[in-house]
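Have a look at upload29.json below; it lists JSON, C-alpha atoms.
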[["chain", "number", "residue", "atom", "x", "y", "z"],
["A", 193, "MET", "CA", 0.23, -9.51, -31.30],
["A", 194, "ARG", "CA", -2.26, -9.10, -28.48],
["A", 195, "TRP", "CA", 0.29, -10.27, -25.96],
["A", 196, "THR", "CA", 3.22, -8.14, -27.01],
["A", 197, "TRP", "CA", 2.58, -5.60, -24.22],
["A", 198, "PHE", "CA", 2.75, -8.41, -21.68],
["A", 199, "HIS", "CA", 6.04, -9.68, -23.07],
["A", 200, "ARG", "CA", 7.49, -6.19, -23.18],
["A", 201, "LEU", "CA", 6.51, -5.57, -19.54],
["A", 202, "ALA", "CA", 8.23, -8.83, -18.64],
["A", 203, "SER", "CA", 11.51, -7.43, -19.92],
["A", 204, "PRO", "CA", 13.46, -5.87, -17.00],
["A", 205, "PRO", "CA", 15.13, -3.04, -19.00],
["A", 206, "TYR", "CA", 11.81, -2.04, -20.56],
["A", 207, "LEU", "CA", 9.97, -2.05, -17.22],
["A", 208, "TYR", "CA", 12.85, -0.17, -15.55],
["A", 209, "GLY", "CA", 12.69, 2.65, -18.08],
["A", 210, "LEU", "CA", 8.90, 2.73, -18.15],
["A", 211, "ALA", "CA", 8.72, 2.88, -14.33],
["A", 212, "ALA", "CA", 11.15, 5.81, -14.26],
["A", 213, "ARG", "CA", 9.12, 7.74, -16.84],
["A", 214, "LEU", "CA", 5.73, 7.02, -15.24],
["A", 215, "THR", "CA", 6.60, 7.84, -11.60],
["A", 216, "PRO", "CA", 5.95, 11.63, -11.67],
["A", 217, "TRP", "CA", 2.60, 11.09, -13.43],
["A", 218, "PHE", "CA", 1.41, 9.19, -10.36],
["A", 219, "ALA", "CA", 3.36, 10.97, -7.62],
["A", 220, "TRP", "CA", 2.19, 14.55, -8.25],
["A", 221, "PRO", "CA", -1.54, 13.83, -8.65],
["A", 222, "ALA", "CA", -1.27, 11.63, -5.55],
["A", 223, "ALA", "CA", 0.29, 14.47, -3.53],
["A", 224, "LEU", "CA", -2.37, 16.97, -4.64],
["A", 225, "LEU", "CA", -5.27, 14.59, -4.01],
["A", 226, "ILE", "CA", -3.99, 13.50, -0.58],
["A", 227, "LEU", "CA", -3.32, 17.06, 0.64],
["A", 228, "GLY", "CA", -6.62, 18.32, -0.79],
["A", 229, "GLY", "CA", -8.54, 15.34, 0.57],
["A", 230, "LEU", "CA", -7.09, 15.69, 4.07],
["A", 231, "PHE", "CA", -7.94, 19.41, 4.10],
["A", 232, "ALA", "CA", -11.48, 18.71, 2.90],
["A", 233, "GLY", "CA", -11.87, 15.95, 5.47],
["A", 234, "LEU", "CA", -10.64, 18.05, 8.38],
["A", 235, "VAL", "CA", -12.20, 21.38, 7.45],
["A", 236, "LEU", "CA", -14.92, 21.18, 4.81],
["A", 237, "ALA", "CA", -16.80, 17.99, 5.69],
["A", 238, "PRO", "CA", -19.65, 18.55, 8.17],
["A", 239, "PRO", "CA", -19.46, 16.92, 11.63],
["A", 240, "ASP", "CA", -21.32, 13.64, 12.07],
["A", 241, "TYR", "CA", -24.66, 13.81, 13.90],
["A", 242, "GLN", "CA", -23.66, 10.93, 16.21],
["A", 243, "GLN", "CA", -19.87, 11.03, 16.42],
["A", 244, "GLY", "CA", -19.39, 14.81, 16.08],
["A", 245, "GLU", "CA", -15.88, 15.70, 14.97],
["A", 246, "GLY", "CA", -14.63, 12.27, 16.01],
["A", 247, "PHE", "CA", -15.77, 10.70, 12.75],
["A", 248, "ARG", "CA", -13.01, 12.59, 10.89],
["A", 249, "ILE", "CA", -10.68, 9.69, 11.67],
["A", 250, "ILE", "CA", -12.51, 8.00, 8.78],
["A", 251, "TYR", "CA", -10.39, 10.05, 6.33],
["A", 252, "VAL", "CA", -7.16, 8.42, 7.46],
["A", 253, "HIS", "CA", -8.50, 5.06, 8.65],
["A", 254, "VAL", "CA", -10.45, 3.96, 5.57],
["A", 255, "PRO", "CA", -7.77, 4.91, 3.00],
["A", 256, "SER", "CA", -5.13, 3.12, 5.11],
["A", 257, "ALA", "CA", -7.32, 0.04, 5.43],
["A", 258, "TRP", "CA", -8.06, 0.15, 1.68],
["A", 259, "MET", "CA", -4.31, 0.28, 1.00],
["A", 260, "SER", "CA", -3.64, -2.66, 3.32],
["A", 261, "LEU", "CA", -6.03, -4.83, 1.27],
["A", 262, "MET", "CA", -5.43, -3.45, -2.24],
["A", 263, "VAL", "CA", -1.65, -3.75, -1.87],
["A", 264, "TYR", "CA", -2.04, -7.33, -0.64],
["A", 265, "VAL", "CA", -4.22, -8.28, -3.62],
["A", 266, "THR", "CA", -1.63, -6.71, -5.95],
["A", 267, "MET", "CA", 1.13, -8.62, -4.17],
["A", 268, "GLY", "CA", -0.75, -11.93, -4.31],
["A", 269, "LEU", "CA", -1.66, -11.56, -8.00],
["A", 270, "ALA", "CA", 1.89, -10.51, -8.93],
["A", 271, "ALA", "CA", 3.25, -13.48, -6.98],
["A", 272, "ALA", "CA", 0.85, -15.81, -8.83],
["A", 273, "VAL", "CA", 1.88, -14.40, -12.23],
["A", 274, "GLY", "CA", 5.53, -14.81, -11.23],
["A", 275, "LEU", "CA", 4.98, -18.39, -10.16],
["A", 276, "ILE", "CA", 2.84, -19.48, -13.13],
["A", 277, "TRP", "CA", 4.74, -17.77, -15.95],
["A", 278, "ARG", "CA", 8.15, -17.78, -14.21],
["A", 279, "MET", "CA", 8.25, -14.05, -14.67],
["A", 280, "LYS", "CA", 11.04, -12.34, -12.73],
["A", 281, "VAL", "CA", 9.62, -8.83, -12.83],
["A", 282, "ALA", "CA", 6.32, -10.08, -11.36],
["A", 283, "HIS", "CA", 8.24, -11.41, -8.35],
["A", 284, "ALA", "CA", 10.04, -8.06, -8.17],
["A", 285, "ILE", "CA", 6.65, -6.33, -8.04],
["A", 286, "ALA", "CA", 5.40, -8.68, -5.30],
["A", 287, "ALA", "CA", 8.54, -8.10, -3.23],
["A", 288, "SER", "CA", 8.15, -4.33, -3.66],
["A", 289, "CYS", "CA", 4.55, -4.41, -2.39],
["A", 290, "ALA", "CA", 5.22, -5.98, 1.01],
["A", 291, "PRO", "CA", 6.83, -3.11, 2.99],
["A", 292, "ILE", "CA", 4.28, -0.64, 1.58],
["A", 293, "GLY", "CA", 1.35, -2.87, 2.52],
["A", 294, "ALA", "CA", 2.74, -3.66, 5.97],
["A", 295, "SER", "CA", 3.16, 0.02, 6.82],
["A", 296, "PHE", "CA", -0.40, 0.89, 5.82],
["A", 297, "THR", "CA", -1.73, -2.11, 7.75],
["A", 298, "VAL", "CA", -0.04, -0.64, 10.82],
["A", 299, "ALA", "CA", -1.66, 2.73, 10.03],
["A", 300, "ALA", "CA", -5.08, 1.06, 9.65],
["A", 301, "LEU", "CA", -4.70, -0.76, 12.98],
["A", 302, "VAL", "CA", -3.43, 2.30, 14.89],
["A", 303, "THR", "CA", -6.02, 4.72, 13.47],
["A", 304, "GLY", "CA", -8.72, 2.10, 14.09],
["A", 305, "SER", "CA", -7.59, 1.81, 17.67],
["A", 306, "LEU", "CA", -7.64, 5.61, 18.07],
["A", 307, "TRP", "CA", -11.19, 5.57, 16.70],
["A", 308, "GLY", "CA", -12.28, 2.62, 18.79],
["A", 309, "LYS", "CA", -11.31, 4.15, 22.12],
["A", 310, "PRO", "CA", -13.74, 7.13, 22.06],
["A", 311, "MET", "CA", -16.53, 5.34, 20.14],
["A", 312, "TRP", "CA", -16.45, 1.77, 21.51],
["A", 313, "GLY", "CA", -14.66, 2.51, 24.78],
["A", 314, "THR", "CA", -11.75, 0.20, 24.02],
["A", 315, "TRP", "CA", -8.45, 0.37, 22.13],
["A", 316, "TRP", "CA", -8.68, -3.25, 21.01],
["A", 317, "VAL", "CA", -11.03, -6.24, 21.01],
["A", 318, "TRP", "CA", -10.45, -9.69, 19.57],
["A", 319, "ASP", "CA", -13.15, -9.00, 17.05],
["A", 320, "PRO", "CA", -13.24, -10.78, 13.63],
["A", 321, "ARG", "CA", -12.44, -7.62, 11.65],
["A", 322, "LEU", "CA", -9.64, -6.46, 13.93],
["A", 323, "THR", "CA", -8.15, -9.94, 14.29],
["A", 324, "SER", "CA", -8.17, -10.68, 10.55],
["A", 325, "GLU", "CA", -6.53, -7.29, 9.87],
["A", 326, "LEU", "CA", -3.84, -8.14, 12.44],
["A", 327, "ILE", "CA", -3.33, -11.48, 10.62],
["A", 328, "LEU", "CA", -2.85, -9.45, 7.42],
["A", 329, "LEU", "CA", 0.04, -7.62, 9.10],
["A", 330, "PHE", "CA", 1.58, -10.97, 10.08],
["A", 331, "LEU", "CA", 1.18, -12.19, 6.47],
["A", 332, "TYR", "CA", 3.13, -9.17, 5.21],
["A", 333, "LEU", "CA", 5.81, -9.60, 7.88],
["A", 334, "GLY", "CA", 5.94, -13.35, 7.26],
["A", 335, "PHE", "CA", 6.36, -12.78, 3.52],
["A", 336, "MET", "CA", 9.24, -10.36, 4.10],
["A", 337, "GLY", "CA", 10.86, -12.58, 6.74],
["A", 338, "LEU", "CA", 10.55, -15.69, 4.58],
["A", 339, "ARG", "CA", 12.13, -13.92, 1.58],
["A", 340, "ALA", "CA", 14.95, -12.60, 3.75],
["A", 341, "GLY", "CA", 15.67, -16.17, 4.87],
["A", 342, "PHE", "CA", 16.86, -17.23, 1.41],
["A", 343, "ASP", "CA", 20.16, -16.18, -0.15],
["A", 344, "ASP", "CA", 18.98, -17.38, -3.54],
["A", 345, "THR", "CA", 16.54, -14.88, -5.09],
["A", 346, "GLN", "CA", 14.69, -17.52, -7.13],
["A", 347, "ARG", "CA", 14.00, -19.70, -4.10],
["A", 348, "ALA", "CA", 12.97, -16.62, -2.10],
["A", 349, "ASP", "CA", 10.60, -15.68, -4.93],
["A", 350, "ARG", "CA", 8.97, -19.12, -5.05],
["A", 351, "ALA", "CA", 8.60, -19.57, -1.29],
["A", 352, "GLY", "CA", 7.34, -16.02, -0.82],
["A", 353, "ALA", "CA", 4.88, -16.37, -3.68],
["A", 354, "LEU", "CA", 3.32, -19.50, -2.16],
["A", 355, "LEU", "CA", 2.82, -17.70, 1.16],
["A", 356, "ALA", "CA", 1.40, -14.60, -0.57],
["A", 357, "ILE", "CA", -1.06, -16.68, -2.64],
["A", 358, "VAL", "CA", -2.26, -18.75, 0.33],
["A", 359, "GLY", "CA", -2.67, -15.53, 2.31],
["A", 360, "LEU", "CA", -5.08, -14.17, -0.32],
["A", 361, "VAL", "CA", -7.88, -16.14, 1.39],
["A", 362, "ASN", "CA", -7.61, -13.67, 4.28],
["A", 363, "VAL", "CA", -8.66, -10.74, 2.05],
["A", 364, "PRO", "CA", -12.36, -11.68, 1.59],
["A", 365, "ILE", "CA", -12.40, -12.78, 5.24],
["A", 366, "ILE", "CA", -11.36, -9.26, 6.29],
["A", 367, "HIS", "CA", -13.85, -7.59, 3.96],
["A", 368, "TYR", "CA", -16.85, -9.76, 4.84],
["A", 369, "SER", "CA", -15.97, -10.30, 8.51],
["A", 370, "VAL", "CA", -18.30, -7.48, 9.57],
["A", 371, "ILE", "CA", -21.16, -9.12, 7.70],
["A", 372, "TRP", "CA", -20.52, -12.79, 8.47],
["A", 373, "TRP", "CA", -19.93, -12.40, 12.19],
["A", 374, "ASN", "CA", -21.17, -10.21, 14.97],
["A", 375, "SER", "CA", -18.67, -7.40, 15.03],
["A", 376, "LEU", "CA", -18.16, -4.16, 16.88],
["A", 377, "HIS", "CA", -16.88, -2.77, 13.61],
["A", 378, "GLN", "CA", -19.50, -1.19, 11.38],
["A", 379, "ALA", "CA", -20.48, -2.70, 8.02],
["A", 380, "PRO", "CA", -19.08, -1.20, 4.79],
["A", 381, "SER", "CA", -20.63, 2.15, 3.92],
["A", 382, "VAL", "CA", -18.62, 3.00, 0.79],
["A", 383, "LEU", "CA", -17.00, -0.13, -0.68],
["A", 384, "ARG", "CA", -20.24, -2.05, -1.01],
["A", 385, "PHE", "CA", -22.71, -3.10, -3.66],
["A", 386, "GLY", "CA", -25.28, -0.41, -4.25],
["A", 387, "LYS", "CA", -25.08, 3.21, -3.21],
["A", 388, "PRO", "CA", -22.81, 4.39, -0.41],
["A", 389, "THR", "CA", -24.68, 5.05, 2.82],
["A", 390, "ILE", "CA", -22.92, 8.26, 3.79],
["A", 391, "PRO", "CA", -23.91, 11.71, 2.47],
["A", 392, "GLY", "CA", -22.06, 13.37, -0.39],
["A", 393, "ALA", "CA", -20.34, 16.12, 1.58],
["A", 394, "MET", "CA", -18.74, 13.48, 3.80],
["A", 395, "LEU", "CA", -18.16, 11.02, 0.99],
["A", 396, "ALA", "CA", -16.36, 13.33, -1.47],
["A", 397, "PRO", "CA", -13.17, 13.84, 0.62],
["A", 398, "LEU", "CA", -13.05, 10.10, 1.25],
["A", 399, "LEU", "CA", -13.26, 9.25, -2.46],
["A", 400, "ILE", "CA", -10.54, 11.83, -3.21],
["A", 401, "LEU", "CA", -8.32, 10.24, -0.57],
["A", 402, "LEU", "CA", -8.98, 6.70, -1.79],
["A", 403, "LEU", "CA", -7.88, 7.74, -5.28],
["A", 404, "GLY", "CA", -4.92, 9.72, -3.92],
["A", 405, "PHE", "CA", -3.67, 6.83, -1.78],
["A", 406, "THR", "CA", -4.05, 4.42, -4.72],
["A", 407, "LEU", "CA", -1.97, 6.67, -7.01],
["A", 408, "PHE", "CA", 0.54, 7.08, -4.17],
["A", 409, "PHE", "CA", 0.89, 3.29, -4.01],
["A", 410, "ALA", "CA", 1.48, 3.18, -7.77],
["A", 411, "ALA", "CA", 4.23, 5.81, -7.49],
["A", 412, "LEU", "CA", 5.90, 3.99, -4.58],
["A", 413, "LEU", "CA", 5.69, 0.70, -6.43],
["A", 414, "LEU", "CA", 7.30, 2.20, -9.55],
["A", 415, "VAL", "CA", 10.24, 3.49, -7.48],
["A", 416, "ARG", "CA", 10.65, 0.29, -5.47],
["A", 417, "VAL", "CA", 10.39, -2.01, -8.47],
["A", 418, "ARG", "CA", 13.32, -0.18, -10.08],
["A", 419, "ALA", "CA", 15.42, -0.86, -6.98],
["A", 420, "GLU", "CA", 14.35, -4.53, -7.08],
["A", 421, "ILE", "CA", 15.18, -4.84, -10.77],
["A", 422, "LEU", "CA", 18.62, -3.28, -10.27],
["A", 423, "GLN", "CA", 19.40, -5.78, -7.51],
["A", 424, "ARG", "CA", 18.14, -8.78, -9.48],
["A", 425, "GLU", "CA", 19.79, -7.84, -12.77],
["A", 426, "ARG", "CA", 23.06, -6.71, -11.25],
["A", 427, "THR", "CA", 25.14, -8.75, -13.70],
["A", 428, "ALA", "CA", 23.17, -7.71, -16.80],
["A", 429, "ARG", "CA", 24.89, -5.60, -19.40],
["A", 430, "TRP", "CA", 21.97, -3.18, -19.91],
["A", 431, "ILE", "CA", 22.39, -1.85, -16.37],
["A", 432, "SER", "CA", 25.89, -0.47, -16.88],
["A", 433, "GLU", "CA", 24.76, 0.83, -20.27],
["A", 434, "THR", "CA", 21.73, 2.56, -18.74],
["A", 435, "LEU", "CA", 23.72, 4.02, -15.86],
["A", 436, "SER", "CA", 26.49, 5.41, -18.02],
["A", 437, "GLY", "CA", 24.11, 6.64, -20.74],
["B", 97, "MET", "CA", -8.44, 28.11, 15.46],
["B", 98, "LYS", "CA", -8.59, 26.80, 19.01],
["B", 99, "ALA", "CA", -11.98, 25.23, 18.30],
["B", 100, "PHE", "CA", -10.53, 23.59, 15.21],
["B", 101, "LEU", "CA", -7.56, 22.19, 17.13],
["B", 102, "ASP", "CA", -9.87, 20.96, 19.88],
["B", 103, "MET", "CA", -11.93, 18.93, 17.36],
["B", 104, "GLY", "CA", -15.02, 18.91, 19.56],
["B", 105, "GLY", "CA", -13.12, 17.17, 22.36],
["B", 106, "TYR", "CA", -11.74, 14.44, 20.09],
["B", 107, "ALA", "CA", -8.34, 16.12, 19.60],
["B", 108, "ALA", "CA", -6.51, 13.41, 21.57],
["B", 109, "PHE", "CA", -7.70, 10.81, 19.04],
["B", 110, "ILE", "CA", -7.93, 12.69, 15.76],
["B", 111, "TRP", "CA", -4.50, 14.33, 15.73],
["B", 112, "PRO", "CA", -2.53, 11.20, 16.60],
["B", 113, "ALA", "CA", -4.49, 9.31, 13.91],
["B", 114, "TYR", "CA", -3.65, 11.93, 11.29],
["B", 115, "GLY", "CA", -0.08, 12.10, 12.59],
["B", 116, "VAL", "CA", 0.48, 8.36, 12.28],
["B", 117, "THR", "CA", -0.96, 8.28, 8.77],
["B", 118, "LEU", "CA", 1.11, 11.25, 7.62],
["B", 119, "ALA", "CA", 4.19, 9.61, 9.14],
["B", 120, "VAL", "CA", 3.48, 6.40, 7.21],
["B", 121, "LEU", "CA", 3.04, 8.40, 3.98],
["B", 122, "VAL", "CA", 6.29, 10.33, 4.46],
["B", 123, "LEU", "CA", 8.27, 7.29, 5.65],
["B", 124, "ASN", "CA", 7.15, 5.38, 2.56],
["B", 125, "ILE", "CA", 8.58, 8.12, 0.35],
["B", 126, "ILE", "CA", 11.87, 8.08, 2.29],
["B", 127, "TRP", "CA", 12.09, 4.27, 2.30],
["B", 128, "ALA", "CA", 11.28, 3.89, -1.41],
["B", 129, "ARG", "CA", 13.74, 6.57, -2.47],
["B", 130, "GLY", "CA", 16.37, 5.17, -0.11],
["B", 131, "SER", "CA", 16.05, 1.68, -1.56],
["B", 132, "LEU", "CA", 16.41, 3.03, -5.11],
["B", 133, "ARG", "CA", 19.39, 5.20, -4.14],
["B", 134, "ARG", "CA", 21.17, 2.26, -2.47],
["B", 135, "ALA", "CA", 20.48, 0.00, -5.47],
["B", 136, "LEU", "CA", 21.80, 2.65, -7.86],
["B", 137, "GLU", "CA", 24.96, 3.16, -5.79],
["B", 138, "THR", "CA", 25.63, -0.59, -5.71],
["B", 139, "ALA", "CA", 25.02, -0.90, -9.45],
["B", 140, "ARG", "CA", 27.29, 2.06, -10.23],
["B", 141, "ARG", "CA", 30.10, 0.72, -8.06],
["B", 142, "ARG", "CA", 29.74, -2.66, -9.74],
["B", 143, "SER", "CA", 29.80, -1.35, -13.29],
["B", 144, "ALA", "CA", 32.73, 0.94, -12.48],
["B", 145, "SER", "CA", 34.81, -1.94, -11.12],
["B", 146, "SER", "CA", 33.90, -4.58, -13.72],
["B", 147, "GLY", "CA", 33.30, -2.76, -16.98],
["B", 148, "GLY", "CA", 35.45, 0.33, -16.53],
["B", 149, "ASN", "CA", 37.34, -0.18, -19.76],
["B", 150, "SER", "CA", 34.49, -1.36, -21.99]]
Go through the file and emit its structure as structure tokens.
Amino acid sequence: MRWTWFHRLASPPYLYGLAARLTPWFAWPAALLILGGLFAGLVLAPPDYQQGEGFRIIYVHVPSAWMSLMVYVTMGLAAAVGLIWRMKVAHAIAASCAPIGASFTVAALVTGSLWGKPMWGTWWVWDPRLTSELILLFLYLGFMGLRAGFDDTQRADRAGALLAIVGLVNVPIIHYSVIWWNSLHQAPSVLRFGKPTIPGAMLAPLLILLLGFTLFFAALLLVRVRAEILQRERTARWISETLSG
Amino acid sequence: MKAFLDMGGYAAFIWPAYGVTLAVLVLNIIWARGSLRRALETARRRSASSGGNS
């Protein structure tokens, strides 16, 4: 009884219909939160006493970096579920995560570079945080490339899942890199144990954006997973029934 | 307005950073919807050719 929800989610037609119904409930709040958060970050938040207006890059950099990691963890966990319980829809979820995560990793790297130039005086250094984030991009690209190399979806799922799971070790390395090693990059000021170390008027837009980006990821995932399911279940009867109905 | 656009001298860094992030947000919407549209078209074509009389 307790596991019926899990079994129902594992059913492609059920997940397909559920994803279609849920999408607007994530997409519209995400749009409002992101637009509101960006406005608050650009206009309402006070300038930083050290970085002046330059600190406002935080409102695009931190949410992008958060996405790059959160999407990877989702991908790795979905891949593990797919591998352990031989669950097709979990592999579909993992495959749907990769292009989303890769694009936000690029955004995190580019916005970080645009922040680094005025504050550190350099676009790029081979620093532990920056290097491990670049490795994250290669993990996403490697996962997509590896999957694309197989004609057989099941073999692509298994090979991709192994890579995604092994790559999970990079996630704590990225997060703790600024604490474990000497880094140009500052230590966490929001996603840390204990209270955030930035004041409320600066923090509020950031929290709004973190929530907005997370809901945005959920909406994207719900759309992409439907495309994945359609491709994987192309011979199933329920698809022609759903499409004609 | 000009002061806002100037961003205290950081305009050359702030606006590209916001631009890139907005581009990634918008592209993700286009890509996700495109992948669903293509999958739906393929599935429709398939069900029309195989199960047209069922």
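CA of Gly293 (chain A) is found 14.3 Å from CA of Val417 (chain A).
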With a cut-off of 6 Å, could you pull out the residues of chain A touching chain B and give me the nearest pair of atoms for each, distance in Å to one decimal, using all atoms listed in the file, ordered by chain and ascending number, as a Markdown table?
| residue | atom | partner | partner_atom | distance |
| --- | --- | --- | --- | --- |
| A:Glu245 | CA | B:Met103 | CA | 5.6 |
| A:Gly246 | CA | B:Tyr106 | CA | 5.5 |
| A:Ile249 | CA | B:Ile110 | CA | 5.8 |
| A:Ala299 | CA | B:Thr117 | CA | 5.7 |
| A:Thr303 | CA | B:Ala113 | CA | 4.9 |
| A:Leu306 | CA | B:Phe109 | CA | 5.3 |
| A:Arg416 | CA | B:Ala128 | CA | 5.5 |
| A:Ala419 | CA | B:Leu132 | CA | 4.4 |
| A:Ser432 | CA | B:Ser143 | CA | 5.4 |
In Å, how far is it from CA of Leu333 (chain A) to CA of Gly404 (chain A)?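 Interatomic distance, CA of Leu333 (chain A) to CA of Gly404 (chain A): 25.1 Å.
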One-decimal distance in Å that lies between CA of Leu225 (chain A) and CA of His377 (chain A):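 Distance reported for this atom pair: 27.3 Å.
Using all atoms listed in the file, the residues found no farther than 9 Å from Ala287 (chain A), other than those of its own chain fewer than 3 positions away, are Met267, Ala271, Ala282, His283, Ala284, Ala290, Pro291, Phe335, Met336, Arg339, Asp349, Gly352, Arg416, Val417 and Glu420 of chain A.
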Taking into account only C-alpha atoms, which residue in the set A:Trp373, A:Trp318, A:Phe385, A:Tyr332 is nearest to Leu261 (chain A)?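 Among A:Trp373, A:Trp318, A:Phe385, A:Tyr332, it is A:Tyr332 that comes nearest to Leu261 (chain A).
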Let me have the centre and edge lengths of the axis-aligned box enclosing all listed atoms of region 279-292 of chain A with 6 Å padding on every side, in Å to one decimal, as lines of an AutoDock Vina configuration file.
center_x = 7.7
center_y = -7.3
center_z = -5.8
size_x = 18.8
size_y = 25.4
size_z = 29.7
List the neighbours of Val265 (chain A) out to 8 Å using only C-alpha atoms; skip same-chain residues closer than 4 positions along the sequence, and give me the result as an NGL selection string. :A and (261 or 269 or 360 or 363)
Tell me which of A:Leu398, A:Ala393, A:Val254, A:Leu376 sits closest to Trp316 (chain A), counting all atoms listed in the file.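 Selected residue with least distance to Trp316 (chain A): A:Leu376.
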Tell me, as a list of chain:residue names, which residues lie within 8 Å of Phe296 (chain A), counting only C-alpha atoms; anything in the same chain fewer than 4 positions away does not count.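 Near Phe296 (chain A), the qualifying residues are A:Ser256, A:Ala257, A:Met259, A:Ser260, A:Ile292, A:Ala300, B:Thr117, B:Val120.
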Up to 10 Å from (5.0, 5.3, -7.3) in the file's coordinates: name the residues, counting all atoms listed in the file, as a list in words.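 The residues that fall inside the cut-off are Ala211, Ala212, Leu214, Thr215, Pro216, Trp217, Phe218, Ala219, Trp220, Ala222, Thr406, Leu407, Phe408, Phe409, Ala410, Ala411, Leu412, Leu413, Leu414, Val415, Arg416 and Val417 of chain A; Ile125 and Ala128 of chain B.
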